[in-house]
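Enquirer: Let me begin by handing over the structure; questions about it come next.
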Amino acid sequence: MAFRPRRFRGPLVTLSAAAVAACSSDSPTAVKPFTGPSLSIIGHGQTTVRYTAELWTRGNVAYTTTWGQRSPAAVGNAVYIWNIGGNTPTMADSLIVENATTLGDIQVSDDGALLVVATERDNGSIVIYDLTDPLKPSRVARYQTPNTTNGVHTAEVARVDGTLYAFLSIDPPDARLVIVDLSNPEDPREVMVRTMGNPFVHDVFVRDGLLFTALWNDGVTIWDVGGGSKGGTLADPVQIGNVRTAPWSPSVTGSEAHNVWWFHDAGGSADAKRFVFVGEEAPGTGGSVLNSSNGDIHVVDVSDMSAPREVAFYHVDGAGTHNFSVDEERGILYAAYYNAGVRAIDVRGDLSTCSGDQKAADGRCDLRKMGREVAAGLASAQTFIWGVHFDGSFVYASDMLSGIWKLAAASRPAP
Amino acid sequence: MRFRHPRVAIAFAIAGAIQLVLSLPALAQTGADAMESRDSTRASFGLRAQAIGLATHVDPGPAERSYTEGYLAQPLIMAHGGVRHLQGVLTLDFEGLTLERGQLNMGAYGEGYADRRHPHTYLHEAMAVASGAFGRVGVSLAGGKGFVPFGTDDPMTRPFAAYPVNHHLAQILERYVAIAAVSAGPVTLEGAAFNGDEPTSPGAPPDASRFGDSWALRATVTPVSLVEIEGSFASVTSPEIASGGGRDQRKWSAGARLRQPLGRLSYALVEWARTDELVGDVKANQFTSFLAEGSTALARATVSARFENTTRPEEERLTDPFRYSRHPTDLSIIGITRWQIGTIAVSTPLPSRRMDIAPFVEVSYAHPTEELTPSAFVPQDFYGSTSIWSASVGLRLGIGSMVHRMGRYGAGVPNVRSVATAGGQHVH
């Protein structure tokens, strides 16, 4: 049969047009605006050389880490040191960590003596600095072993029985938790390593001898590391309970448990130690980092540590939560909300009891419908908020795009 | 004899295999002829070795600088044998030895490599195929490690040394796979179960415990002998996190391929592909591709041209700017880049009685732009330009006959006439 080109022209044109048209991508979902009170902006310490990641403050000094690669010469290997004594944070100095591309996590020890910085994706380690001069940290040690080299995604510093430890969540393959004794910071010592997480362990929270691990799809597991009744130790944690928090969408199967905070309400009440807040980090729909996010805050009742259960949640349309900081004196949780700025939520009292119209279909209380949204900040700016830190007076927020913001703390709603 | 390092053993294996190939060209040809004759009563055997030696210059590449490198790419040994209803297909790929750092290939990505094409696994294909026929309907069952019936032919079998960006959108390979295929007249249907995990290194086998967590379907129609049209779908579970629990993928592909010369056009392929990345059933990202390529004879040369428009996920680069973490966590997709690339290749076969020798020149122009803003990966910043030129010169070498169509097995090879007579068999 002789070929007749004309017969093919129509279908080919149609095919080509359809294929080219189909090469467009979805757009991220828009954030639903918050109409309540704003967290007032006091100052903005701006840096756009690198992407900003986590922050920590102590006294008049803030430390921010950096992430990714903003230009060939500006990878996430810097720690910026800010003077936050005035209204506007001013950059006082910086540190460069060699052979690092991302410094995800940073924390100052509770006695203010040490600064601990995590490095990933390759050359995973923690770098420990002495803070005798808080504006001029001096390096004490870099701790890198075969158990950390995949990348230290988060590093939490906490004291158990008077000894300072670092809890390192290590990237896959063979994602694991590594616990390191920092009592001699010049010579950190591995106390425990255990494979955990599905597919990885993302973060932990340690308080009163209990360890809470955010195990992504597997939710949160509570371990006895000396404060429980299961005989657990840091060298051999014993599981007490697990909860798989409900995903933000019923179409999602895993919990995407990202971070944890066991709330101790200084206001004191029957509910003072009853609730654990779990951050869920889910990818945005049709977007990527810097332009979309999803995921809720989950409230877990741990009255019975062996059978924790989710009782409430907080949801923002078109945005997802990241890290928390809680004002335990006033009972207000501050949550970094990526493309939705910072949200302040009243978490005092019984979060598990609400009226029928304040409940979701699955019976959980909806904190927004309960009127527990106190304020929001940076929601209208071109920001992408990674972390928040409440220092007792002010709220600081790290913005991946532009540095560090200083915000006024939220007021408690009138009783 | 024991080898202290696996590479030494593999090098010996390569040397032995090359020696075998060089000594058996006649047998290889005989085997190929035997298959062409489709004589079901005789054993068939075919063997081929091939490789591409090339030097590539890219300007600019990552970190705003140019690169010039040389490689031995696609060093393969392919074998195919059959006895009556049974056939075996074996392809060994030694890129793990020759391309450990990856081949400069702007836009290419996957398995921890970006802007370098990753090496494939040593055991590229090892498939056993049982074929038969019921009247005019050809059937086959195939199993082993190999290609999933999804998408278009592997870039390795096409006329360019540089891979298209869409390799991970348009093909699924190097999996433990079981394939059932049915062929009737111009229609071929294939269905497969396989493991979703991508290879983690050239020497790493798939995770056998994950076999069956993913599946694919492909329909191929040859309405006229001139054109072959395929449409396929695949559901792939956690391809990037081998232990499971990562994002899943739903993949679509449609392609039309010229099967016979058409005027001056000796080869052509038009394809569209789409991959949705899912968390549960929620679509987190979508990547798409449109590609058209063709070849024509011009004097004694073959001139090939390709245009591609593909979106690619971007992940955080490591200290080596051509690598990203093979094991994603949260915040892994830091941007999406649209790659528009035009490529022209000119190749001239040289006369040789024992080997295929074909010098070639290949030039590409790429224009990468961020698909979403703001983006944590901005091509202008990362490369220093959104106009990227690549040029390669090299030599394609081969000996023996191409003994099977890579990636298709048994009745899955379209438009090979099923033996209509009772007792016949379907051979490819």
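Identifiers in this document derive from the order of the structure tokens: chains are assigned A, B, ..., residues are numbered from 1 separately in each chain, and ligands are numbered from 1 in order of occurrence.
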Would you mind listing what lies within 7 Å of Phe322 (chain B) as a list in words, with only C-alpha atoms counted and same-chain residues fewer than 2 positions away left out?

Expert: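 Everything that qualifies: Tyr113, Ala114, Asp115, Arg116, Arg317 and Asp320 of chain B.
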
Enquirer: Using only C-alpha atoms, find which residues of chain B lie within 8 Å of chain A and jot them down as a VMD selection string.

Expert: chain B and resid 62 to 64 241 243 to 246 262 272 279 to 290 309 to 311 316 to 319 325 327 to 331 333 to 336 371 to 378 381 to 382

Enquirer: Would you return as a PyMOL selection string the members of region 186-258 of chain B that DSSP assigns to strand (DSSP E or B) on this structure's backbone?

Expert: chain B and resi 187-194+214-224+227-236+248-258

Enquirer: State, in Å with one decimal place, the distance from CA of Glu156 (chain A) to CA of Val225 (chain A).

Expert: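 Answer for the CA of Glu156 (chain A) to CA of Val225 (chain A) separation: 14.9 Å.
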
Enquirer: Point out the residue among B:Val363, B:Leu123, B:Ala242, B:Ala161 with the least atom-to-atom distance to Asn195 (chain B), counting only C-alpha atoms.

Expert: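 Of B:Val363, B:Leu123, B:Ala242, B:Ala161, the one nearest Asn195 (chain B), counting only C-alpha atoms, is B:Ala242.
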
Enquirer: Would you kindly return, as a list in words, each protein, DNA or RNA residue with an atom no farther than 12 Å from any atom of Gly86 (chain A), considering only C-alpha atoms and excluding same-chain residues fewer than 6 positions away?

Expert: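 The residues that qualify are Ile42, Gly43, His44, Gly45, Gly59, Asn60, Val61, Ala62, Phe394 and Lys406 of chain A.
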
Enquirer: Write out, as a tab-separated table (two decimals), in the first residue's frame, the residues just selected, with N, CA and C atoms.

Expert:
```tsv
chain	number	residue	atom	x	y	z
A	42	ILE	N	7.92	43.35	64.47
A	42	ILE	CA	8.78	44.31	65.17
A	42	ILE	C	10.02	44.62	64.33
A	43	GLY	N	10.56	43.60	63.70
A	43	GLY	CA	11.74	43.84	62.88
A	43	GLY	C	12.03	42.68	61.95
A	44	HIS	N	12.87	42.95	60.98
A	44	HIS	CA	13.21	41.93	59.98
A	44	HIS	C	14.71	41.97	59.73
A	45	GLY	N	15.39	40.89	60.09
A	45	GLY	CA	16.81	40.77	59.76
A	45	GLY	C	16.91	40.07	58.42
A	59	GLY	N	19.00	34.53	74.99
A	59	GLY	CA	19.35	35.90	75.35
A	59	GLY	C	19.14	36.83	74.16
A	60	ASN	N	20.15	37.61	73.90
A	60	ASN	CA	20.05	38.58	72.82
A	60	ASN	C	20.67	38.07	71.51
A	61	VAL	N	20.84	36.76	71.41
A	61	VAL	CA	21.49	36.21	70.22
A	61	VAL	C	20.58	35.15	69.58
A	62	ALA	N	20.49	35.23	68.27
A	62	ALA	CA	19.78	34.19	67.51
A	62	ALA	C	20.75	33.54	66.53
A	394	PHE	N	9.33	37.40	72.87
A	394	PHE	CA	9.02	37.62	71.46
A	394	PHE	C	8.99	36.29	70.70
A	406	LYS	N	11.20	39.26	63.68
A	406	LYS	CA	10.90	39.40	65.11
A	406	LYS	C	9.46	39.87	65.22
```

Enquirer: Mind pulling up the distance from CA of Ala379 (chain A) to CA of Ala335 (chain A)?

Expert: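 It comes out at 12.1 Å.
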
Enquirer: Mind giving me the straight-line distance from CA of Gly231 (chain B) to CA of Glu125 (chain B) in Å, one decimal?

Expert: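 CA of Glu125 (chain B) lies 22.6 Å from CA of Gly231 (chain B).
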
Enquirer: Can you list every residue in region 36-283 of chain B that DSSP puts in helix (DSSP H, G or I), as a PyMOL selection string?

Expert: chain B and resi 36-37+62-64+95-98+155-157+167-170+208-210

Enquirer: Write to file, as an mmCIF file, in the first residue's frame, the residues of the selection just made, with N, CA and C atoms.

Expert:
```
data_model
loop_
_atom_site.group_PDB
_atom_site.id
_atom_site.type_symbol
_atom_site.label_atom_id
_atom_site.label_comp_id
_atom_site.auth_asym_id
_atom_site.auth_seq_id
_atom_site.Cartn_x
_atom_site.Cartn_y
_atom_site.Cartn_z
ATOM 1 N N GLU B 36 15.449 -15.332 12.182
ATOM 2 C CA GLU B 36 14.676 -14.715 11.125
ATOM 3 C C GLU B 36 13.851 -15.744 10.380
ATOM 4 N N SER B 37 14.399 -16.951 10.272
ATOM 5 C CA SER B 37 13.679 -17.984 9.532
ATOM 6 C C SER B 37 12.488 -18.518 10.322
ATOM 7 N N PRO B 62 26.780 22.498 35.747
ATOM 8 C CA PRO B 62 26.620 22.890 37.141
ATOM 9 C C PRO B 62 27.799 23.731 37.625
ATOM 10 N N ALA B 63 27.505 24.628 38.537
ATOM 11 C CA ALA B 63 28.508 25.521 39.115
ATOM 12 C C ALA B 63 29.063 26.491 38.081
ATOM 13 N N GLU B 64 28.293 26.767 37.056
ATOM 14 C CA GLU B 64 28.622 27.813 36.075
ATOM 15 C C GLU B 64 29.960 27.580 35.388
ATOM 16 N N GLU B 95 28.353 -0.465 32.516
ATOM 17 C CA GLU B 95 28.505 0.965 32.811
ATOM 18 C C GLU B 95 28.901 1.205 34.275
ATOM 19 N N GLY B 96 28.602 0.252 35.126
ATOM 20 C CA GLY B 96 29.014 0.409 36.518
ATOM 21 C C GLY B 96 30.518 0.508 36.657
ATOM 22 N N LEU B 97 31.235 -0.049 35.672
ATOM 23 C CA LEU B 97 32.691 0.038 35.686
ATOM 24 C C LEU B 97 33.199 1.256 34.924
ATOM 25 N N THR B 98 32.518 1.583 33.832
ATOM 26 C CA THR B 98 33.043 2.640 32.965
ATOM 27 C C THR B 98 32.406 4.006 33.190
ATOM 28 N N PRO B 155 16.294 4.280 25.298
ATOM 29 C CA PRO B 155 17.170 5.186 24.537
ATOM 30 C C PRO B 155 18.444 4.517 24.037
ATOM 31 N N MET B 156 18.838 3.448 24.708
ATOM 32 C CA MET B 156 20.048 2.746 24.296
ATOM 33 C C MET B 156 19.923 2.197 22.871
ATOM 34 N N THR B 157 18.694 1.948 22.458
ATOM 35 C CA THR B 157 18.483 1.354 21.132
ATOM 36 C C THR B 157 18.161 2.415 20.088
ATOM 37 N N HIS B 167 13.830 9.775 30.380
ATOM 38 C CA HIS B 167 14.061 8.330 30.536
ATOM 39 C C HIS B 167 13.263 7.741 31.702
ATOM 40 N N HIS B 168 13.211 8.467 32.825
ATOM 41 C CA HIS B 168 12.490 7.921 33.978
ATOM 42 C C HIS B 168 10.986 8.183 33.904
ATOM 43 N N LEU B 169 10.560 8.903 32.900
ATOM 44 C CA LEU B 169 9.122 9.065 32.672
ATOM 45 C C LEU B 169 8.615 8.067 31.635
ATOM 46 N N ALA B 170 9.485 7.653 30.728
ATOM 47 C CA ALA B 170 9.037 6.916 29.546
ATOM 48 C C ALA B 170 9.463 5.461 29.508
ATOM 49 N N ALA B 208 13.540 -8.492 46.154
ATOM 50 C CA ALA B 208 12.606 -9.548 45.741
ATOM 51 C C ALA B 208 11.341 -9.543 46.581
ATOM 52 N N SER B 209 11.448 -9.078 47.825
ATOM 53 C CA SER B 209 10.257 -9.085 48.684
ATOM 54 C C SER B 209 9.215 -8.078 48.198
ATOM 55 N N ARG B 210 9.638 -7.173 47.340
ATOM 56 C CA ARG B 210 8.672 -6.178 46.838
ATOM 57 C C ARG B 210 8.076 -6.589 45.498
#
```

Enquirer: Skipping near chain neighbours, those fewer than 5 positions away, what residues fall within 9 Å of Asp304 (chain A) using only C-alpha atoms, listed as a compact mmCIF listing (two decimals) with N, CA and C atoms, in the first residue's frame?

Expert:
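Below is the file selection.txt, written as the result:
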```txt
# COMPACT_ATOMS: atom_id res chain seq x y z
N GLY A 241 3.99 3.21 73.83
CA GLY A 241 2.77 3.28 73.02
C GLY A 241 3.05 3.93 71.68
N ARG A 274 -1.44 16.56 79.48
CA ARG A 274 -2.28 15.56 78.83
C ARG A 274 -2.08 15.50 77.32
N ARG A 309 -4.16 8.64 71.87
CA ARG A 309 -5.17 8.73 70.81
C ARG A 309 -5.34 10.18 70.40
```

Enquirer: Please identify all polymer residues within 12 Å of Met192 (chain A), counting only C-alpha atoms, omitting same-chain residues fewer than 2 positions from it, and present them as a list in words.

Expert: Asn147, Tyr165, Ala166, Phe167, Leu168, Ser169, Arg176, Leu177, Val178, Ile179, Val180, Asp181, Arg189, Glu190, Arg194, Thr195, Val225, Thr233, Leu234, Ala235, Asp236 and Pro237 of chain A

Enquirer: Can you tell me, as JSON, numbers by chain, what residues are no more than 9 Å from Asn259 (chain A) when counting only C-alpha atoms, ignoring any on the same chain fewer than 4 positions away?

Expert: {"A": [202, 203, 204, 205, 213, 214, 220, 277, 278, 279, 280, 281, 322, 323, 324]}

Enquirer: Write out, as an mmCIF file, in the first residue's frame, the residues just selected, with C-alpha atoms.

Expert:
```cif
data_model
loop_
_atom_site.group_PDB
_atom_site.id
_atom_site.type_symbol
_atom_site.label_atom_id
_atom_site.label_comp_id
_atom_site.auth_asym_id
_atom_site.auth_seq_id
_atom_site.Cartn_x
_atom_site.Cartn_y
_atom_site.Cartn_z
ATOM 1 C CA HIS A 202 12.236 12.653 61.329
ATOM 2 C CA ASP A 203 12.438 14.229 64.765
ATOM 3 C CA VAL A 204 12.123 13.554 68.480
ATOM 4 C CA PHE A 205 11.015 15.259 71.690
ATOM 5 C CA THR A 213 9.781 9.797 68.036
ATOM 6 C CA ALA A 214 8.125 11.102 64.871
ATOM 7 C CA VAL A 220 4.520 8.825 66.892
ATOM 8 C CA PHE A 277 1.147 18.156 69.551
ATOM 9 C CA VAL A 278 2.275 16.445 66.380
ATOM 10 C CA GLY A 279 3.208 18.309 63.234
ATOM 11 C CA GLU A 280 2.327 16.688 59.947
ATOM 12 C CA GLU A 281 4.423 17.701 56.980
ATOM 13 C CA HIS A 322 6.361 22.804 60.062
ATOM 14 C CA ASN A 323 8.104 23.383 63.386
ATOM 15 C CA PHE A 324 6.557 24.502 66.700
#
```

Enquirer: Write out as a list in words the residues lying within 10 Å of Gly294 (chain B), counting only C-alpha atoms and excluding same-chain residues fewer than 3 positions away.

Expert: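 Listing them by chain and then by number gives Arg158, Pro159, Arg257, Leu258, Leu265, Ser266, Tyr267, Ala268, Leu269, Val270, Val303, Ser304, Ala305, Arg306, Phe307 and Ile344 of chain B.
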